[in-house]
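Below is one structure, written out as structure tokens; the observations come after it.
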Amino acid sequence: MATAGTVSSTRSDDQNHKETDSEFLDFENSIDMNDLAIFVFAKIADSASDDEKLVYKFTNLLNSNDAHIDVIGSKGNYFVDLMIPKDYLKNILGYEIKPDGKKYIIFRMLILANCSTSTTNTTDIWDTITGQTFSSIITQLAEWNFPMSDIYNADGGPNVETLYKKNHCPMFGTNVFAVSEPDLFNSRLEHRINLGEVNLLRSLAKVRVVDNIQNKDTQGFPYIVEAEFLSSQNQASQLPAGASNYEDGLQVHTPNIFQENSNLTCEGTYKLGILPESWTMTPQSQRKGNVFIGFVPEQKIGNPNNNIEVGMPIFHIKIVNKKADETIENLDYYVPMTSYNGVNFSFGKNILRNHIYTLSVNDFGAELKMQVDVVPYRSCVLEPYFGLDRD
């Protein structure tokens with residue numbers, strides 16, 4: 001299990017998305033091993049109509065007394081080994097695997113990371129998930145949400161590291177793997193089965209404002225001093241839309257908006273934090289000042305009450321300028337994600353989880369001149385191993 005700075009694998013989906021590095025690794029890529037749940041399901045490949053049945057649920061990996069799971073490693077790199085006794089698997093499948101069998105066993109892994117909130121106990125929340133099949137567990141998890149107040153620190157700033165109470169972004173991932181009967185029957189501790197990868201989707205989107213204002217004076221004026229995001233959502237869903245049919249490695253194209261807000265009223269304002277110079281993915285040639293980032297729930301991009309003169313959500317950008325007479329002026333600009341100053345933006349119809357939305361301010365005057373960009377994140381990859389105890 002490789003997380004945070006150790007992530008090296010990438011993947012793009014069938015829409016030919018370009019992948020992009022993370023910037024705030026501790027939040028965007030890391031996993032709290034004390035706040036991680038792994039569900040393992042199985043079924044026989046030719047029983048396509050049968051739901052995958054729960055084999056194991058692990059929610060306390062680092063402190064587990066279960067002899068069937070072993071976790072070794074240190075922060076950022078872990079090996080998670082799972083042993084499934086043959087008789088136990090027989091009870092789940094209703095079928096005993098054979099050394100010369102012709103069937104394939106389908107294993108599914110469901111992983112949810114960084115799920116607890118300030119109002120829940122990490123262990124207690126998993127006790128509420130009592131389903132015994134993949135579909136029933138997904139149905140229960142679909143009711144989950146997390147309020148931004150449990151993640152975002154309104155008293156933090158201006159640096160991004162101070163803006164988040166929760167140090168890890170909530171994530172979701174699932175994948176299926178086919179294993180032949182002989183391979184499964186003959187597996188053991190010294191001959192593990194490497195199933196493959198599970199890519200984790202972040203449950204939030206990242207929004208960015210880049211100070212690329214040209215022709216600054218020797219003191220750096222004009223410059224962006226602060227940026228905020230006016231959001232129509234203050235809660236987010238743990239699961240992506242269509243979670244039961246989600247295919248590993250694909251980006252989402254439909255939002256799972258937790259709270260309907262057809263009027264697109266502002267339900268939360270979130271400061272964007274300044275990135276350290278060495279963290280930002282924007283090349284030096286494309287920025288003349290600070291880069292500000294933040295994390296927000298999925299939500300619609302549109303016009304409240306169909307009023308084309310108003311758009312939501314909104315970037316609130318504060319600029320400090322030095323006038324010709326050497327006096328300092330503070331200017332506020334409200335930039336909807338729909339359009340600005342007669343120019344329509346290409347952000348799309350929704351903010352989607354696991355995507356990055358960048359607004360670059362390139363010129364300063366009576367109005368701002370800007371460039372927008374939307375890209376998916378790089379994957380956060382887990383590589384599961386299995387062994388089978390034949391006794």
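Ordered as shown in the structure tokens, chains take letters A, B, and onward, while each chain numbers its residues from 1 and ligands are numbered from 1 in the order shown.
Here the DSSP assignment of strand (DSSP E or B), based on backbone atoms, applies within region 112-169 of chain A to A:Leu112, A:Ala113, A:Thr133, A:Asn145, A:Phe146, A:Pro147, A:Tyr152, A:Asn159, A:Tyr164.
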Closest atom pairs, region 293-319 of chain A residues within 7 Å of region 207-214 of chain A, only C-alpha atoms, as CSV:
```
residue,atom,partner,partner_atom,distance
A:Ile293,CA,A:Arg208,CA,4.4
A:Gly294,CA,A:Val207,CA,5.4
A:Phe295,CA,A:Val207,CA,6.2
```
Keeping only C-alpha atoms, write the selected residues as an mmCIF file, in the first residue's frame.
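Wrote it out as part_7.cif, contents follow:
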```cif
data_model
loop_
_atom_site.group_PDB
_atom_site.id
_atom_site.type_symbol
_atom_site.label_atom_id
_atom_site.label_comp_id
_atom_site.auth_asym_id
_atom_site.auth_seq_id
_atom_site.Cartn_x
_atom_site.Cartn_y
_atom_site.Cartn_z
ATOM 1 C CA ILE A 293 -5.799 25.981 -3.327
ATOM 2 C CA GLY A 294 -8.721 24.447 -1.447
ATOM 3 C CA PHE A 295 -10.966 21.371 -1.434
#
```
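Among the candidates A:Glu52, A:Glu298, A:Asp100, A:Glu161, the one nearest to Phe177 (chain A) when counting only C-alpha atoms is A:Glu52.
Of the residues listed (A:Ser346, A:Gln140, A:Gln233, A:Asn330), A:Asn330 shows the shortest atom-to-atom separation from Lys318 (chain A); distances use only C-alpha atoms.
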Q. Closest to Asp81 (chain A) among A:Thr59, A:Asp51, A:Ser22, A:Leu189, using only C-alpha atoms?
A. A:Leu189
Q. Leaving out Pro240 (chain A) and any residue of its chain fewer than 2 positions from it, which residues lie within 9 Å of it when counting only C-alpha atoms, given as an MDAnalysis selection string?
A. chainID A and resid 142 172 201 203 237:238 242:243 246 252 254:256 353
Restricting it to N, CA and C atoms, dump the selection as an mmCIF file, in the first residue's frame.
```cif
data_model
loop_
_atom_site.group_PDB
_atom_site.id
_atom_site.type_symbol
_atom_site.label_atom_id
_atom_site.label_comp_id
_atom_site.auth_asym_id
_atom_site.auth_seq_id
_atom_site.Cartn_x
_atom_site.Cartn_y
_atom_site.Cartn_z
ATOM 1 N N ALA A 142 -24.125 4.541 0.886
ATOM 2 C CA ALA A 142 -24.640 5.639 0.062
ATOM 3 C C ALA A 142 -25.318 6.711 0.914
ATOM 4 N N PHE A 172 -12.364 6.587 -1.903
ATOM 5 C CA PHE A 172 -13.140 5.378 -2.222
ATOM 6 C C PHE A 172 -12.462 4.653 -3.370
ATOM 7 N N LEU A 201 -10.332 7.034 -5.514
ATOM 8 C CA LEU A 201 -10.867 8.337 -5.899
ATOM 9 C C LEU A 201 -10.984 9.217 -4.667
ATOM 10 N N SER A 203 -12.810 12.035 -2.581
ATOM 11 C CA SER A 203 -14.229 12.373 -2.523
ATOM 12 C C SER A 203 -14.482 13.873 -2.641
ATOM 13 N N SER A 237 -20.483 13.589 -0.247
ATOM 14 C CA SER A 237 -20.772 12.157 -0.153
ATOM 15 C C SER A 237 -19.482 11.360 -0.225
ATOM 16 N N GLN A 238 -19.406 10.332 0.601
ATOM 17 C CA GLN A 238 -18.228 9.473 0.570
ATOM 18 C C GLN A 238 -18.111 8.743 -0.764
ATOM 19 N N GLY A 242 -23.083 6.242 -8.886
ATOM 20 C CA GLY A 242 -22.996 4.909 -9.504
ATOM 21 C C GLY A 242 -21.919 4.036 -8.891
ATOM 22 N N ALA A 243 -21.748 4.121 -7.573
ATOM 23 C CA ALA A 243 -20.661 3.399 -6.904
ATOM 24 C C ALA A 243 -20.731 1.892 -7.126
ATOM 25 N N TYR A 246 -19.107 1.193 -10.394
ATOM 26 C CA TYR A 246 -17.864 1.908 -10.686
ATOM 27 C C TYR A 246 -16.777 0.941 -11.144
ATOM 28 N N VAL A 252 -14.715 9.936 -12.714
ATOM 29 C CA VAL A 252 -16.166 10.120 -12.672
ATOM 30 C C VAL A 252 -16.563 11.213 -13.665
ATOM 31 N N THR A 254 -20.140 12.044 -13.590
ATOM 32 C CA THR A 254 -21.424 12.458 -13.015
ATOM 33 C C THR A 254 -21.204 12.743 -11.541
ATOM 34 N N PRO A 255 -21.709 13.871 -11.040
ATOM 35 C CA PRO A 255 -21.493 14.175 -9.628
ATOM 36 C C PRO A 255 -22.458 13.417 -8.729
ATOM 37 N N ASN A 256 -22.048 13.177 -7.497
ATOM 38 C CA ASN A 256 -22.944 12.668 -6.460
ATOM 39 C C ASN A 256 -23.117 13.791 -5.447
ATOM 40 N N ARG A 353 -15.741 15.283 -8.216
ATOM 41 C CA ARG A 353 -14.707 14.801 -7.300
ATOM 42 C C ARG A 353 -13.484 14.335 -8.090
#
```
Q.
List as number ranges by chain the protein and nucleic acid residues near Thr338 (chain A), meaning an atom at most 7 Å away when only C-alpha atoms are counted, but skip any in the same chain fewer than 3 places from it.
A. A: 301-302, 311-312, 344-345
Q: Write out as a list in words which residues come within 12 Å of Thr162 (chain A) when counting only C-alpha atoms, dropping same-chain ones fewer than 2 positions away.
A: Phe24, Phe27, Ile151, Tyr152, Asn153, Ala154, Asp155, Gly156, Gly157, Pro158, Asn159, Val160, Tyr164, Lys165, Lys166, Asn167, Lys271, Leu272, Gly273, Ile274, Leu275 and Gly294 of chain A
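With only C-alpha atoms as the atoms that count, the residue of A:Trp279, A:Glu326, A:Arg108, A:Lys206 with the shortest distance to Asp373 (chain A) is A:Lys206.
When CA of Phe229 (chain A) is paired with CA of Ile257 (chain A), their separation reads 17.2 Å.
Counting only C-alpha atoms, the residue from A:Val176, A:Leu82, A:Leu89, A:Ala205 that sits nearest to Met109 (chain A) is A:Val176.
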Q | Long-range neighbours of region 179-185 of chain A as a PyMOL selection string, 7 Å cut-off, only C-alpha atoms, 6 positions minimum in chain | A | chain A and resi 97-106+388
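By chain and then residue number, the residues within 9 Å of Asn341 (chain A) are Val335, Glu367, Leu368 and Lys369 of chain A, counting only C-alpha atoms and disregarding those fewer than 6 positions away in sequence.
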(Q) One decimal, in Å: what's the spacing between CA of Val372 (chain A) and CA of Phe146 (chain A)? (A) 28.4 Å
Taking the backbone alone, and naming residues the way the document does, which bits of region 108-171 of chain A are alpha helix (DSSP H) by DSSP, as a compact mmCIF listing (two decimals) with C-alpha atoms, in the first residue's frame?
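File selection_3.txt, as written:
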```
# COMPACT_ATOMS: atom_id res chain seq x y z
CA THR A 122 -13.76 5.39 13.86
CA THR A 123 -14.73 1.94 15.13
CA ASP A 124 -18.37 2.73 15.78
CA ILE A 125 -19.10 3.96 12.27
CA TRP A 126 -18.06 0.64 10.79
CA ASP A 127 -20.25 -1.27 13.22
CA PHE A 134 -21.47 -5.85 -1.96
CA SER A 135 -24.76 -4.32 -3.09
CA SER A 136 -26.21 -4.16 0.44
CA ILE A 137 -23.08 -2.54 1.84
CA ILE A 138 -23.00 0.01 -0.98
CA THR A 139 -26.65 0.83 -0.21
CA GLN A 140 -25.76 1.50 3.43
CA LEU A 141 -22.67 3.54 2.56
```
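Considering only C-alpha atoms, the residue among A:Ile92, A:Ala178, A:Leu54, A:Ile69 positioned nearest to Thr133 (chain A) is A:Leu54.
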Q) How many Å lie between CA of Ile111 (chain A) and CA of Asn245 (chain A), rounded to one decimal? A) 14.6 Å
